[in-house]
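Heads up, query_34.cif below (mmCIF, C-alpha atoms and all ligand atoms):
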data_final
#
loop_
_atom_site.label_atom_id
_atom_site.label_comp_id
_atom_site.auth_asym_id
_atom_site.auth_seq_id
_atom_site.Cartn_x
_atom_site.Cartn_y
_atom_site.Cartn_z
CA MET A 14 86.50 250.65 -59.47
CA SER A 15 85.09 252.28 -56.41
CA ASP A 16 85.22 256.04 -56.30
CA SER A 17 83.96 256.38 -52.76
CA ILE A 18 87.05 255.35 -50.82
CA ASP A 19 90.44 257.00 -50.62
CA LEU A 20 92.61 254.29 -52.16
CA GLU A 21 95.82 256.31 -51.99
CA TYR A 22 95.36 256.78 -48.26
CA PHE A 23 94.78 253.08 -47.65
CA LYS A 24 97.61 252.06 -49.93
CA LYS A 25 99.98 254.29 -47.97
CA SER A 26 98.83 252.94 -44.62
CA LEU A 27 99.13 249.36 -45.84
CA GLU A 28 102.61 249.89 -47.22
CA GLN A 29 103.71 251.67 -44.08
CA ARG A 30 102.30 248.94 -41.87
CA LEU A 31 103.93 246.25 -44.02
CA LYS A 32 107.25 248.07 -43.70
CA GLU A 33 106.84 248.17 -39.93
CA LEU A 34 106.11 244.46 -39.84
CA THR A 35 108.98 243.42 -42.09
CA ASP A 36 111.54 245.99 -40.87
CA GLY A 37 111.36 245.59 -37.16
CA HIS A 38 110.75 242.08 -36.07
CA LYS A 39 112.13 243.32 -32.75
CA GLU A 40 109.16 245.39 -31.75
CA ILE A 41 106.02 243.75 -32.98
CA ARG A 42 102.92 245.66 -32.17
CA PRO A 43 99.94 243.80 -33.59
CA LEU A 44 96.71 245.69 -34.14
CA ASP A 45 94.06 244.85 -31.62
CA THR A 46 91.80 243.10 -34.10
CA GLY A 47 91.77 239.50 -32.95
CA PRO A 48 90.87 237.60 -29.80
CA VAL A 49 94.54 236.73 -29.21
CA ALA A 50 95.54 240.37 -28.84
CA ARG A 51 92.81 240.94 -26.28
CA GLY A 52 94.03 238.36 -23.79
CA PRO A 53 94.56 239.17 -20.12
CA ALA A 54 97.63 241.14 -19.14
CA ILE A 55 100.55 238.93 -18.15
CA PRO A 56 102.96 240.10 -15.41
CA HIS A 57 106.56 240.73 -16.43
CA GLY A 58 109.00 237.85 -16.01
CA CYS A 59 106.27 235.28 -16.35
CA HIS A 60 107.01 232.17 -18.46
CA ALA A 61 103.90 232.96 -20.43
CA THR A 62 105.54 236.03 -21.96
CA GLN A 63 107.44 233.75 -24.35
CA ALA A 64 104.17 232.27 -25.53
CA ILE A 65 102.79 235.78 -25.89
CA THR A 66 105.78 236.77 -28.01
CA GLN A 67 105.25 233.72 -30.21
CA ALA A 68 101.56 234.49 -30.48
CA ALA A 69 102.39 238.08 -31.40
CA ALA A 70 104.83 236.90 -34.07
CA ARG A 71 102.21 234.56 -35.47
CA LEU A 72 99.67 237.37 -35.44
CA ALA A 73 102.13 239.66 -37.19
CA ALA A 74 102.77 237.02 -39.86
CA MET A 75 99.04 236.69 -40.42
CA GLU A 76 98.69 240.43 -40.63
CA GLU A 77 101.56 240.63 -43.11
CA GLN A 78 99.78 238.04 -45.24
CA ARG A 79 96.53 240.04 -45.07
CA ILE A 80 98.30 243.24 -46.03
CA ARG A 81 99.95 241.57 -49.04
CA THR A 82 96.58 240.21 -50.11
CA ALA A 83 94.98 243.63 -49.67
CA LEU A 84 97.70 245.28 -51.78
CA LYS A 85 97.26 242.65 -54.49
CA ARG A 86 93.52 243.25 -54.48
CA MET A 87 94.19 246.96 -54.72
CA ASP A 88 96.22 246.38 -57.88
CA ALA A 89 93.42 244.24 -59.27
CA GLY A 90 90.83 246.89 -58.40
CA ASP A 91 89.06 244.63 -55.91
CA TYR A 92 90.15 246.46 -52.79
CA GLY A 93 87.34 247.48 -50.46
CA TYR A 94 85.16 244.54 -51.37
CA CYS A 95 84.55 241.55 -49.14
CA ILE A 96 86.48 238.42 -50.17
CA HIS A 97 83.50 236.28 -49.18
CA CYS A 98 80.40 238.01 -50.46
CA ASP A 99 81.74 240.83 -52.69
CA GLU A 100 79.84 243.47 -50.75
CA ALA A 101 81.57 246.82 -50.29
CA ILE A 102 83.37 247.06 -46.96
CA ALA A 103 82.45 250.15 -44.94
CA GLU A 104 85.16 252.77 -45.18
CA GLY A 105 85.11 253.30 -41.42
CA ARG A 106 86.02 249.65 -41.04
CA LEU A 107 88.93 250.03 -43.45
CA ARG A 108 90.16 253.06 -41.56
CA VAL A 109 90.39 251.00 -38.38
CA ASP A 110 92.33 248.28 -40.20
CA PRO A 111 93.11 248.83 -43.89
CA SER A 112 94.15 245.19 -44.25
CA ILE A 113 90.65 243.97 -43.47
CA LEU A 114 89.32 241.70 -46.22
CA THR A 115 85.78 240.98 -45.13
CA CYS A 116 82.63 243.01 -44.62
CA ILE A 117 81.17 243.36 -41.15
CA ALA A 118 78.51 240.69 -41.78
CA CYS A 119 81.05 238.07 -42.80
CA ALA A 120 83.38 239.04 -39.95
CA ARG A 121 80.48 238.57 -37.51
CA ASN A 122 79.74 235.16 -38.97
CA ALA A 123 83.40 234.18 -38.65
CA ASP A 124 83.46 235.32 -35.00
CA LYS A 125 80.48 233.12 -34.18
CA ARG A 126 82.34 229.96 -35.11
ZN ZN A 201 81.01 239.79 -46.74
#
Could the structure of this file be written out as structure tokens, please?
Ligand SMILES: [Zn+2]
Amino acid sequence: MSDSIDLEYFKKSLEQRLKELTDGHKEIRPLDTGPVARGPAIPHGCHATQAITQAAARLAAMEEQRIRTALKRMDAGDYGYCIHCDEAIAEGRLRVDPSILTCIACARNADKR
């Protein structure tokens, strides 16, 4: 068990975020963590907005999955460790997105693909 990170804080943020995702499928506001969320701005009324909405829904579903995994890992005492290499994930990284499951090194490797 790690004693360096504030598990209660992260658990609360994860549960709150999960509630947001499952409660209001009307207003999905994905975290800006992936390349999809950083696409160019699309003018209102454009046909592409539907695709954006679908992309946002997909992103939200992925995030929901990540959050559930993170909460499960929290119960197992594995939270805060990279799912790929078992290294501790920097707390600053978890504060940006508590559902993150990989360390910065593995995330960089994944981005390169
Ligand atoms: Zn790693």
Contacts to ligand ZN 201 (chain A) at 9 Å cut-off (only C-alpha atoms and all ligand atoms) as a PDB file with C-alpha atoms, in the coordinates of the input:
ATOM      1  CA  TYR A  94      85.160 244.540 -51.370  1.00  0.00           C
ATOM      2  CA  CYS A  95      84.550 241.550 -49.140  1.00  0.00           C
ATOM      3  CA  ILE A  96      86.480 238.420 -50.170  1.00  0.00           C
ATOM      4  CA  HIS A  97      83.500 236.280 -49.180  1.00  0.00           C
ATOM      5  CA  CYS A  98      80.400 238.010 -50.460  1.00  0.00           C
ATOM      6  CA  ASP A  99      81.740 240.830 -52.690  1.00  0.00           C
ATOM      7  CA  GLU A 100      79.840 243.470 -50.750  1.00  0.00           C
ATOM      8  CA  ALA A 101      81.570 246.820 -50.290  1.00  0.00           C
ATOM      9  CA  ILE A 102      83.370 247.060 -46.960  1.00  0.00           C
ATOM     10  CA  LEU A 114      89.320 241.700 -46.220  1.00  0.00           C
ATOM     11  CA  THR A 115      85.780 240.980 -45.130  1.00  0.00           C
ATOM     12  CA  CYS A 116      82.630 243.010 -44.620  1.00  0.00           C
ATOM     13  CA  ILE A 117      81.170 243.360 -41.150  1.00  0.00           C
ATOM     14  CA  ALA A 118      78.510 240.690 -41.780  1.00  0.00           C
ATOM     15  CA  CYS A 119      81.050 238.070 -42.800  1.00  0.00           C
ATOM     16  CA  ALA A 120      83.380 239.040 -39.950  1.00  0.00           C
TER      17      ALA A 120
END
Discussion item. Would you compute the distance between atom CA of A:Lys25 and atom CA of A:Arg81? Give it in Å to one decimal.
Written reply: 12.8 Å
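Take atom CA of A:Leu20 and atom CA of A:Gly93: the distance between them is 8.8 Å.
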Discussion item. Ranking A:Ala61, A:Leu34, A:Met75, A:Leu27 by minimum distance to A:Pro111 and counting all atoms listed in the file, which one comes first?
Written reply: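 Result for the nearest residue to A:Pro111: A:Leu27.
The spacing separating atom CA of A:Thr82 from atom CA of A:Thr66 amounts to 24.2 Å.
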Kindly list the centre and edge lengths in Å, rounded to one decimal, for the axis-aligned box that covers all listed atoms of stretch 89-93 of chain A plus 6 Å on each of its six sides, as AutoDock Vina command-line options.
--center_x 90.4 --center_y 245.9 --center_z -54.9 --size_x 18.1 --size_y 15.2 --size_z 20.8
Please, could N, CA and C atoms be added to stretch 85-114 of chain A and the result written as a CSV table (one decimal), in the frame of the given file?
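In the end it all went to rebuild-v2.csv:
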chain,number,residue,atom,x,y,z
A,85,LYS,N,97.5,243.3,-53.2
A,85,LYS,CA,97.3,242.6,-54.5
A,85,LYS,C,95.9,243.0,-55.0
A,86,ARG,N,94.9,242.9,-54.1
A,86,ARG,CA,93.5,243.2,-54.5
A,86,ARG,C,93.4,244.7,-54.9
A,87,MET,N,94.2,245.6,-54.3
A,87,MET,CA,94.2,247.0,-54.7
A,87,MET,C,94.6,247.1,-56.2
A,88,ASP,N,95.7,246.4,-56.5
A,88,ASP,CA,96.2,246.4,-57.9
A,88,ASP,C,95.2,245.9,-58.9
A,89,ALA,N,94.4,244.9,-58.4
A,89,ALA,CA,93.4,244.2,-59.3
A,89,ALA,C,92.1,245.0,-59.3
A,90,GLY,N,92.0,246.1,-58.4
A,90,GLY,CA,90.8,246.9,-58.4
A,90,GLY,C,89.7,246.3,-57.6
A,91,ASP,N,90.1,245.3,-56.7
A,91,ASP,CA,89.1,244.6,-55.9
A,91,ASP,C,89.1,245.1,-54.5
A,92,TYR,N,90.0,246.0,-54.2
A,92,TYR,CA,90.2,246.5,-52.8
A,92,TYR,C,88.9,247.1,-52.3
A,93,GLY,N,88.5,246.8,-51.0
A,93,GLY,CA,87.3,247.5,-50.5
A,93,GLY,C,86.1,246.6,-50.6
A,94,TYR,N,86.3,245.5,-51.3
A,94,TYR,CA,85.2,244.5,-51.4
A,94,TYR,C,85.5,243.3,-50.6
A,95,CYS,N,84.4,242.7,-50.0
A,95,CYS,CA,84.6,241.6,-49.1
A,95,CYS,C,85.0,240.4,-50.0
A,96,ILE,N,86.0,239.6,-49.4
A,96,ILE,CA,86.5,238.4,-50.2
A,96,ILE,C,85.5,237.3,-50.2
A,97,HIS,N,84.5,237.4,-49.2
A,97,HIS,CA,83.5,236.3,-49.2
A,97,HIS,C,82.3,236.6,-50.0
A,98,CYS,N,81.7,237.8,-49.8
A,98,CYS,CA,80.4,238.0,-50.5
A,98,CYS,C,80.4,239.1,-51.5
A,99,ASP,N,81.6,239.8,-51.7
A,99,ASP,CA,81.7,240.8,-52.7
A,99,ASP,C,81.0,242.1,-52.4
A,100,GLU,N,80.5,242.2,-51.2
A,100,GLU,CA,79.8,243.5,-50.8
A,100,GLU,C,80.9,244.5,-50.5
A,101,ALA,N,80.6,245.8,-50.6
A,101,ALA,CA,81.6,246.8,-50.3
A,101,ALA,C,81.8,246.8,-48.8
A,102,ILE,N,83.0,247.0,-48.4
A,102,ILE,CA,83.4,247.1,-47.0
A,102,ILE,C,83.2,248.5,-46.6
A,103,ALA,N,82.6,248.8,-45.4
A,103,ALA,CA,82.4,250.2,-44.9
A,103,ALA,C,83.8,250.8,-44.8
A,104,GLU,N,83.9,252.1,-45.2
A,104,GLU,CA,85.2,252.8,-45.2
A,104,GLU,C,85.6,252.9,-43.7
A,105,GLY,N,84.7,253.1,-42.8
A,105,GLY,CA,85.1,253.3,-41.4
A,105,GLY,C,85.8,252.1,-40.9
A,106,ARG,N,85.4,250.9,-41.4
A,106,ARG,CA,86.0,249.6,-41.0
A,106,ARG,C,87.4,249.6,-41.6
A,107,LEU,N,87.6,250.0,-42.8
A,107,LEU,CA,88.9,250.0,-43.4
A,107,LEU,C,89.9,251.0,-42.8
A,108,ARG,N,89.3,252.1,-42.2
A,108,ARG,CA,90.2,253.1,-41.6
A,108,ARG,C,90.7,252.5,-40.3
A,109,VAL,N,89.9,251.6,-39.6
A,109,VAL,CA,90.4,251.0,-38.4
A,109,VAL,C,91.5,250.0,-38.7
A,110,ASP,N,91.3,249.2,-39.8
A,110,ASP,CA,92.3,248.3,-40.2
A,110,ASP,C,92.3,248.1,-41.7
A,111,PRO,N,93.2,248.8,-42.4
A,111,PRO,CA,93.1,248.8,-43.9
A,111,PRO,C,93.4,247.5,-44.5
A,112,SER,N,93.8,246.5,-43.7
A,112,SER,CA,94.2,245.2,-44.2
A,112,SER,C,92.9,244.3,-44.2
A,113,ILE,N,91.8,244.8,-43.6
A,113,ILE,CA,90.6,244.0,-43.5
A,113,ILE,C,90.1,243.5,-44.8
A,114,LEU,N,89.7,242.2,-44.9
A,114,LEU,CA,89.3,241.7,-46.2
A,114,LEU,C,87.9,241.3,-46.3
